Protein chains: 2
Amino acid sequence: MLRLTTQRQAILDLINQSNRHWDADDVARALLDTGHSIGIATIYRGLAALEAQGLIESVQLGDKRHYERADKAHHDHMVCTRCGNIDEFAHPTIEALQRAAAAEKHFRLTGHQLVMFGLCARCDTQGGAT
Amino acid sequence: MLRLTTQRQAILDLINQSNRHWDADDVARALLDTGHSIGIATIYRGLAALEAQGLIESVQLGDKRHYERADKAHHDHMVCTRCGNIDEFAHPTIEALQRAAAAEKHFRLTGHQLVMFGLCARCDTQGGAT
DNA sequence: CTTGATAGTGATAATGATTATCATTCCTGA
DNA sequence: TCAGGAATGATAATCATTATCACTATCAAG
Ligand SMILES: [Mn+2]
Ligand SMILES: [Mn+2]
Ligand SMILES: [Zn+2]
Ligand SMILES: [Zn+2]
């Protein structure tokens with residue numbers, strides 16, 4: 001049975017009280033900054049345990065796994081390749097077409113991941129060249 | 001300037017004469033099996049160099065980068081979580097809707113990656129349970 | 001044909017995110 | 001109170017990929 005320990009509660013609170021996407025290191029830094037003492041291994045285990053319980057969700061972006069609140073409707077992500085910002089979008093029609101594409105190939109779809117890369121509005125406006 | 005050395009030619013031939021997706025280790029094993037002697041570092045560099053020239057393309061699947069021929073039209077991937085098989089599909093409407101979703105958020109789209117996970121037709125038919 | 005500059009190779013060390021170990025501590029239910 | 005499972009934290013281990021570095025291949029002069 002999953003124990004909601006002090007450490008796990010701290011991780012969960014941190015994530016639930018925000019609207020962003022956190023990797024393990026983000027969480028570690030934030031908790032240390034707020035006076036918590038928690039080992040990095042515990043953070044990894046805590047994140048995995050919380051996700052297994054459906055209390056948080058995650059996306060694999062590049063080589064890092066990012067965690068976010070689970071109380072949001074399904075959505076996909078747009079990642080700014082300049083500032084790293086992660087925005088979200090939902091598109092029911094795209095989802096439906098995915099199911100159709102899977103069905104057409106007799107593929108039993110269990111999950112998907114759609115990531116769009118590019119420049120967020122802010123980065124696009126500002127720095128064009130290097 | 002890019003030199004198409006013996007090693008790089010071997011990598012390129014291997015990939016071009018196949019229809020599958022190769023990670024660095026796949027390439028290493030295949031080349032060793034056919035009598036080639038090539039260091040793993042050279043394979044990584046060769047794959048990167050060939051991709052930079054547009055001679056091959058790659059997809060990041062999980063924690064591994066997979067390379068494939070570049071002479072195919074754009075497509076996305078469906079990965080069987082049981083046997084690891086990677087199938088492909090193209091869906092122009094999904095692509096168009098992605099551009100629309102990006103435009104709506106004033107996001108300058110430069111690339112995307114759509115991966116569907118599930119069971120391929122064969123795995124779905126056969127083993128249901130473990 | 002010698003150079004010299006530059007690119008490429010291969011063995012191996014280093015990196016960086018994540019997992020595994022393991023001794024220790026915390027909880028919980030009998 | 002106590003035994004056993006669950007969790008923690010420090011640290012070692014993994015694993016794909018990169019970086020180093022000494023050495024070799026290529027090529028364009030001179
Ligand atoms: Mn999100
Ligand atoms: Mn492909
Ligand atoms: Zn940005
Ligand atoms: Zn399969």
# chains A, B, ... in the order shown; residues from 1 in each chain; ligands from 1

$ select_by_dssp --residues "chain B" --states "helix (DSSP H, G or I)" --output "ChimeraX atom specification"
/B:6-16,24-33,40-52,92-104,121-125

$ residues_near_ligand --ligand "ligand 4" --cutoff "7 Å" --atoms "only C-alpha atoms (C1' of nucleotides) and all ligand atoms" --output "list in words"
Cys80, Thr81, Arg82, Cys83, Gly84, Asn85, Leu119, Cys120, Ala121, Arg122 and Cys123 of chain B

$ closest_atom_pairs --of "chain B" --to "ligand 3" --cutoff "12 Å" --atoms "only C-alpha atoms and all ligand atoms" --output "Markdown table"
| residue | atom | partner | partner_atom_place_in_ligand_line | distance |
| --- | --- | --- | --- | --- |
| B:His106 | CA | ligand 3 | 1 (Zn) | 11.1 |
| B:Phe107 | CA | ligand 3 | 1 (Zn) | 9.0 |
| B:Arg108 | CA | ligand 3 | 1 (Zn) | 9.9 |
| B:Leu109 | CA | ligand 3 | 1 (Zn) | 11.6 |

$ interface_residues --of "chain C" --to "chain B" --cutoff "8 Å" --atoms "only C-alpha atoms (C1' of nucleotides)" --output "PyMOL selection string"
chain C and resi 7+9-10

$ write_last_selection --atoms "N, CA and C atoms (P, O5', C5', C4', C3', O3' and C1' of nucleotides)" --output "PDB file, in the first residue's frame"
ATOM      1  P    DA C   7      38.126  20.410 -41.223  1.00  0.00           P
ATOM      2  O5'  DA C   7      37.857  18.854 -41.443  1.00  0.00           O
ATOM      3  C5'  DA C   7      37.856  18.336 -42.771  1.00  0.00           C
ATOM      4  C4'  DA C   7      37.705  16.833 -42.727  1.00  0.00           C
ATOM      5  C3'  DA C   7      36.617  16.365 -41.763  1.00  0.00           C
ATOM      6  O3'  DA C   7      35.914  15.303 -42.389  1.00  0.00           O
ATOM      7  C1'  DA C   7      38.705  15.434 -41.119  1.00  0.00           C
ATOM      8  P    DT C   9      35.085   8.085 -40.023  1.00  0.00           P
ATOM      9  O5'  DT C   9      36.184   7.477 -39.057  1.00  0.00           O
ATOM     10  C5'  DT C   9      37.331   6.867 -39.617  1.00  0.00           C
ATOM     11  C4'  DT C   9      38.176   6.217 -38.546  1.00  0.00           C
ATOM     12  C3'  DT C   9      37.374   5.355 -37.561  1.00  0.00           C
ATOM     13  O3'  DT C   9      37.999   4.089 -37.457  1.00  0.00           O
ATOM     14  C1'  DT C   9      38.758   6.920 -36.408  1.00  0.00           C
ATOM     15  P    DG C  10      37.129   2.851 -36.950  1.00  0.00           P
ATOM     16  O5'  DG C  10      37.724   2.674 -35.488  1.00  0.00           O
ATOM     17  C5'  DG C  10      39.124   2.559 -35.356  1.00  0.00           C
ATOM     18  C4'  DG C  10      39.512   2.588 -33.887  1.00  0.00           C
ATOM     19  C3'  DG C  10      38.523   1.874 -32.961  1.00  0.00           C
ATOM     20  O3'  DG C  10      39.290   1.238 -31.947  1.00  0.00           O
ATOM     21  C1'  DG C  10      38.784   4.096 -32.248  1.00  0.00           C
TER      22       DG C  10
END

$ residues_around --residues "DG30 of chain D" --least-positions-apart "4" --cutoff "12 Å" --atoms "only C-alpha atoms (C1' of nucleotides)" --output "mmCIF file with C-alpha atoms (C1' of nucleotides), in the first residue's frame"
data_model
loop_
_atom_site.group_PDB
_atom_site.id
_atom_site.type_symbol
_atom_site.label_atom_id
_atom_site.label_comp_id
_atom_site.auth_asym_id
_atom_site.auth_seq_id
_atom_site.Cartn_x
_atom_site.Cartn_y
_atom_site.Cartn_z
ATOM 1 C "C1'" DC C 1 57.204 13.127 -53.793
ATOM 2 C "C1'" DT C 2 57.228 15.697 -48.940
ATOM 3 C "C1'" DT C 3 54.444 18.749 -46.331
ATOM 4 C "C1'" DG C 4 50.734 20.665 -43.609
#

$ closest_residue --among "D:DT1, D:DT26, D:DT8, D:DT14" --to "chain B" --atoms "only C-alpha atoms (C1' of nucleotides)"
D:DT26

$ closest_atom_pairs --of "chain B" --to "chain A" --cutoff "8 Å" --atoms "only C-alpha atoms" --output "Markdown table"
| residue | atom | partner | partner_atom | distance |
| --- | --- | --- | --- | --- |
| B:Gln60 | CA | A:Gly62 | CA | 7.9 |
| B:Gly62 | CA | A:Gln60 | CA | 7.9 |
| B:Asp63 | CA | A:Asp63 | CA | 6.4 |
| B:Phe89 | CA | A:Ala101 | CA | 7.4 |
| B:His91 | CA | A:Ala101 | CA | 7.6 |
| B:Ile94 | CA | A:Ile94 | CA | 5.6 |
| B:Leu97 | CA | A:Ile94 | CA | 6.8 |
| B:Gln98 | CA | A:Ile94 | CA | 7.9 |
| B:Ala101 | CA | A:Phe89 | CA | 7.3 |
| B:Lys105 | CA | A:Ala121 | CA | 7.3 |
| B:His106 | CA | A:Ala121 | CA | 5.1 |
| B:Phe107 | CA | A:Cys120 | CA | 4.8 |
| B:Arg108 | CA | A:Leu119 | CA | 4.9 |
| B:Leu109 | CA | A:Gly118 | CA | 4.4 |
| B:Thr110 | CA | A:Gly118 | CA | 4.7 |
| B:Gly111 | CA | A:Phe117 | CA | 5.0 |
| B:His112 | CA | A:Met116 | CA | 4.1 |
| B:Gln113 | CA | A:Val115 | CA | 5.3 |
| B:Leu114 | CA | A:Leu114 | CA | 4.3 |
| B:Val115 | CA | A:Gln113 | CA | 5.3 |
| B:Met116 | CA | A:His112 | CA | 4.1 |
| B:Phe117 | CA | A:Gly111 | CA | 5.0 |
| B:Gly118 | CA | A:Leu109 | CA | 4.4 |
| B:Leu119 | CA | A:Arg108 | CA | 5.0 |
| B:Cys120 | CA | A:Phe107 | CA | 4.8 |
| B:Ala121 | CA | A:His106 | CA | 5.1 |
| B:Asp124 | CA | A:Arg108 | CA | 6.8 |

$ residues_near_ligand --ligand "ligand 1" --cutoff "9 Å" --atoms "only C-alpha atoms (C1' of nucleotides) and all ligand atoms" --output "PyMOL selection string"
chain A and resi 19-21+57-59+66-70+72+74-77+86-89

$ write_last_selection --atoms "C-alpha atoms" --output "JSON list (two decimals), in the first residue's frame"
[["chain", "number", "residue", "atom", "x", "y", "z"],
["A", 19, "ASN", "CA", 0.66, 24.79, -13.28],
["A", 20, "ARG", "CA", 4.00, 23.85, -14.68],
["A", 21, "HIS", "CA", 5.95, 20.78, -15.65],
["A", 57, "GLU", "CA", 1.04, 12.59, -14.62],
["A", 58, "SER", "CA", 4.15, 12.76, -16.71],
["A", 59, "VAL", "CA", 5.49, 13.41, -20.18],
["A", 66, "HIS", "CA", 8.40, 15.94, -16.65],
["A", 67, "TYR", "CA", 5.62, 15.72, -14.09],
["A", 68, "GLU", "CA", 2.47, 17.77, -13.79],
["A", 69, "ARG", "CA", -0.90, 17.83, -12.07],
["A", 70, "ALA", "CA", -3.27, 15.03, -12.96],
["A", 72, "LYS", "CA", -6.32, 18.38, -16.09],
["A", 74, "HIS", "CA", -5.91, 15.17, -21.63],
["A", 75, "HIS", "CA", -3.71, 17.42, -23.67],
["A", 76, "ASP", "CA", -0.49, 17.43, -25.64],
["A", 77, "HIS", "CA", 2.49, 19.74, -25.54],
["A", 86, "ILE", "CA", 6.10, 24.07, -22.30],
["A", 87, "ASP", "CA", 2.63, 25.04, -23.42],
["A", 88, "GLU", "CA", -0.38, 22.81, -23.79],
["A", 89, "PHE", "CA", -3.10, 22.26, -26.30]]

$ select_by_dssp --residues "segment 45-97 of chain B" --states "strand (DSSP E or B)" --output "list of chain:residue names"
B:Ile56, B:Glu57, B:Ser58, B:Val59, B:Gln60, B:Leu61, B:Lys64, B:Arg65, B:His66, B:Tyr67, B:Glu68, B:Arg69, B:Asp76, B:His77, B:Met78, B:Val79, B:Cys80, B:Ile86, B:Asp87, B:Glu88, B:Phe89

$ interface_residues --of "chain D" --to "chain A" --cutoff "10 Å" --atoms "only C-alpha atoms (C1' of nucleotides)" --output "ChimeraX atom specification"
/D:5-10

$ closest_residue --among "B:Asp71, B:Leu14, B:Ile43, B:Ala24" --to "ligand 2" --atoms "only C-alpha atoms and all ligand atoms"
B:Asp71

$ closest_residue --among "D:DC2, D:DT11, D:DA22, D:DA16" --to "DA11 of chain C" --atoms "only C-alpha atoms (C1' of nucleotides)"
D:DA22

$ closest_residue --among "B:Ala73, B:Ala100, B:Asn16, B:Gln9" --to "ligand 2" --atoms "only C-alpha atoms and all ligand atoms"
B:Ala73

$ decode --residues "segment 11-29 of chain C" --atoms "N, CA, C and O atoms (P, O5', C5', C4', C3', O3' and C1' of nucleotides)" --output "compact mmCIF listing (two decimals), in the first residue's frame"
# COMPACT_ATOMS: atom_id res chain seq x y z
P DA C 11 38.72 -0.02 -31.20
O5' DA C 11 39.33 0.28 -29.77
C5' DA C 11 40.70 0.66 -29.66
C4' DA C 11 40.93 1.45 -28.39
C3' DA C 11 40.18 0.92 -27.17
O3' DA C 11 41.08 0.88 -26.06
C1' DA C 11 39.68 3.22 -27.50
P DT C 12 40.58 0.30 -24.68
O5' DT C 12 40.16 1.62 -23.90
C5' DT C 12 41.00 2.77 -23.99
C4' DT C 12 40.33 3.96 -23.33
C3' DT C 12 39.48 3.58 -22.10
O3' DT C 12 39.79 4.51 -21.08
C1' DT C 12 38.24 4.94 -23.53
P DA C 13 39.35 4.26 -19.59
O5' DA C 13 38.98 5.75 -19.15
C5' DA C 13 39.82 6.81 -19.60
C4' DA C 13 39.05 8.12 -19.55
C3' DA C 13 38.26 8.30 -18.25
O3' DA C 13 38.40 9.66 -17.85
C1' DA C 13 36.78 8.38 -20.10
P DA C 14 37.57 10.21 -16.61
O5' DA C 14 36.29 10.84 -17.28
C5' DA C 14 36.46 11.85 -18.27
C4' DA C 14 35.12 12.42 -18.64
C3' DA C 14 34.21 12.76 -17.45
O3' DA C 14 33.64 14.02 -17.70
C1' DA C 14 33.08 11.33 -18.96
P DT C 15 32.82 14.76 -16.52
O5' DT C 15 31.35 14.83 -17.14
C5' DT C 15 31.16 14.56 -18.48
C4' DT C 15 29.71 14.60 -18.85
C3' DT C 15 28.70 14.95 -17.77
O3' DT C 15 27.73 15.81 -18.33
C1' DT C 15 28.19 12.81 -18.69
P DG C 16 26.92 16.83 -17.41
O5' DG C 16 25.45 16.30 -17.58
C5' DG C 16 25.10 15.54 -18.74
C4' DG C 16 23.79 14.85 -18.47
C3' DG C 16 23.11 15.21 -17.15
O3' DG C 16 21.72 15.14 -17.35
C1' DG C 16 23.59 12.92 -17.15
P DA C 17 20.71 15.71 -16.26
O5' DA C 17 19.63 14.54 -16.25
C5' DA C 17 18.97 14.20 -17.46
C4' DA C 17 18.45 12.79 -17.36
C3' DA C 17 17.47 12.56 -16.20
O3' DA C 17 16.34 11.87 -16.70
C1' DA C 17 19.25 11.00 -16.11
P DT C 18 15.06 11.69 -15.78
O5' DT C 18 15.26 10.22 -15.19
C5' DT C 18 15.35 9.15 -16.12
C4' DT C 18 15.92 7.93 -15.46
C3' DT C 18 15.11 7.38 -14.28
O3' DT C 18 14.58 6.13 -14.68
C1' DT C 18 17.46 7.29 -13.90
P DT C 19 13.61 5.33 -13.73
O5' DT C 19 14.45 4.05 -13.21
C5' DT C 19 15.77 3.94 -13.58
C4' DT C 19 16.40 2.65 -13.08
C3' DT C 19 15.64 1.87 -12.04
O3' DT C 19 15.96 0.49 -12.23
C1' DT C 19 17.63 2.77 -11.09
P DA C 20 15.50 -0.61 -11.20
O5' DA C 20 16.84 -0.82 -10.35
C5' DA C 20 18.00 -1.29 -11.02
C4' DA C 20 19.09 -1.61 -9.99
C3' DA C 20 18.65 -2.51 -8.84
O3' DA C 20 19.70 -3.42 -8.58
C1' DA C 20 19.47 -0.45 -7.99
P DT C 21 19.48 -4.65 -7.53
O5' DT C 21 20.60 -4.36 -6.44
C5' DT C 21 21.04 -3.06 -6.25
C4' DT C 21 22.11 -3.00 -5.19
C3' DT C 21 21.84 -3.82 -3.95
O3' DT C 21 23.09 -4.13 -3.33
C1' DT C 21 21.62 -1.52 -3.43
P DC C 22 23.15 -5.31 -2.21
O5' DC C 22 23.14 -4.46 -0.86
C5' DC C 22 23.97 -3.30 -0.76
C4' DC C 22 23.71 -2.59 0.56
C3' DC C 22 23.07 -3.50 1.62
O3' DC C 22 23.55 -3.09 2.89
C1' DC C 22 21.67 -1.68 1.23
P DA C 23 23.71 -4.22 4.08
O5' DA C 23 24.01 -3.28 5.31
C5' DA C 23 24.79 -2.10 5.13
C4' DA C 23 24.11 -0.92 5.80
C3' DA C 23 23.55 -1.24 7.19
O3' DA C 23 23.90 -0.18 8.07
C1' DA C 23 21.84 -0.34 5.83
P DT C 24 23.37 -0.23 9.61
O5' DT C 24 22.15 0.79 9.56
C5' DT C 24 22.35 2.09 9.01
C4' DT C 24 21.06 2.87 9.06
C3' DT C 24 20.32 2.78 10.40
O3' DT C 24 19.98 4.10 10.80
C1' DT C 24 18.85 2.31 8.61
P DT C 25 19.22 4.33 12.21
O5' DT C 25 17.75 4.71 11.69
C5' DT C 25 17.60 5.76 10.75
C4' DT C 25 16.14 5.89 10.39
C3' DT C 25 15.20 5.98 11.59
O3' DT C 25 14.32 7.07 11.37
C1' DT C 25 14.47 4.30 10.09
P DC C 26 13.15 7.42 12.41
O5' DC C 26 11.85 6.92 11.63
C5' DC C 26 11.69 7.30 10.28
C4' DC C 26 10.37 6.76 9.74
C3' DC C 26 9.20 6.91 10.71
O3' DC C 26 8.08 7.35 9.98
C1' DC C 26 9.45 4.63 10.09
P DC C 27 6.83 7.97 10.78
O5' DC C 27 5.67 6.95 10.50
C5' DC C 27 6.00 5.58 10.41
C4' DC C 27 4.92 4.85 9.68
C3' DC C 27 3.60 4.80 10.42
O3' DC C 27 2.54 4.63 9.49
C1' DC C 27 4.72 2.69 10.53
P DT C 28 1.02 4.64 10.03
O5' DT C 28 0.62 3.09 10.11
C5' DT C 28 0.99 2.21 9.04
C4' DT C 28 0.60 0.80 9.42
C3' DT C 28 -0.62 0.73 10.32
O3' DT C 28 -1.39 -0.40 9.99
C1' DT C 28 1.19 -0.32 11.37
P DG C 29 -2.89 -0.64 10.55
O5' DG C 29 -3.24 -2.15 10.17
C5' DG C 29 -2.23 -3.01 9.64
C4' DG C 29 -1.98 -4.16 10.61
C3' DG C 29 -3.20 -4.50 11.46
O3' DG C 29 -3.23 -5.92 11.62
C1' DG C 29 -1.39 -4.02 12.86
